[in-house]
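Here's the structure we're looking at; comments come further down.
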Amino acid sequence: MATHEPTHDHEHDHDHEHDDGEHDAMDECIEACLQCHVVTTMTAQYCLAKGGEMADMSHVGLLLDTAEIAQTSANFMLRGSPFHTLTCGACAELCRACAEACRAMADDDEHMAHCAEICDHCASHCEEMVVEEEE
């Protein structure tokens, strides 16, 4: 059976002209996006299983939209796309909205609180990518 290495140990080539600090920030953003993709996808499944308000189409849709844009942002950065700031900007916006929605449903639900935390973390990293490019 094949095993997969954890994503935080991956190596990739991207053709950037960044110094090491910017490269490290991009690697951290890629990891945050990949983690966000996994957590929001799993949270969508969790919400559907829980039913009720959590399974509301708009909430599950937001989770899935966030998962997709996080994966897309990671892919753009992994490929060294000069357009990664566009996807990172969109990702940050969706992550903030998703974090707010999950936090509103968190009450005593650790899964929802964790999703909100991961989305906030991803949003912060993506916002940093956008700011770095503007400088």
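We name chains A, B, ... following the order of the structure tokens; residues begin at 1 in each chain, and ligands are numbered from 1 as shown.
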
Tell me which protein, DNA and RNA residues are within 7 Å of Cys88 (chain A), counting only C-alpha atoms, leaving out same-chain ones fewer than 2 positions away, and put them as a list in words.
->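 The filter keeps Ser73, His84, Thr85, Leu86, Ala90, Cys91, Ala92, Cys126, Glu127, Met129 and Val130 of chain A.
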
Within 8 Å of region 32-47 of chain A, which residues of region 67-86 of chain A come that close, and what is the closest atom pair and distance in Å for each? Count only C-alpha atoms and give it as a tab-separated table.
residue	atom	partner	partner_atom	distance
A:Ala67	CA	A:His37	CA	4.1
A:Glu68	CA	A:His37	CA	6.7
A:Ala70	CA	A:Cys33	CA	4.8
A:Gln71	CA	A:His37	CA	5.7
A:Ser73	CA	A:Cys33	CA	6.9
A:Ala74	CA	A:Cys33	CA	5.7

Just the helix (DSSP H, G or I) stuff from chain A, please, per backbone DSSP, written as a VMD selection string.
-> chain A and resid 7 to 9 20 to 50 52 to 55 57 to 79 84 to 106 110 to 134

Which value, in Å to one decimal, gives the distance between CA of His59 (chain A) and CA of Arg96 (chain A)?
-> 13.3 Å

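For the pair CA of Glu53 (chain A) and CA of Ile69 (chain A), the separation is 23.6 Å.
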
For region 93-95 of chain A, work out the shell of residues within 8 Å, counting only C-alpha atoms and skipping chain neighbours fewer than 3 positions away, then give it as a PyMOL selection string.
-> chain A and resi 62+65-66+69+89-90+98-99+119-120+122-123

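Minimum distance to Ser58 (chain A) across A:Glu128, A:Arg103, A:Ile118, A:Ala97 (counting only C-alpha atoms) occurs at A:Ala97.
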
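Each of A:Met77, A:Thr72, A:Gly52, A:Asp108 was compared to Ala25 (chain A) using only C-alpha atoms, and A:Met77 turns out to be the nearest.
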
From the set A:Leu78, A:Val131, A:Leu48, A:Leu63, which residue has the shortest atom-to-atom contact distance to Cys115 (chain A), counting only C-alpha atoms?
-> A:Leu63
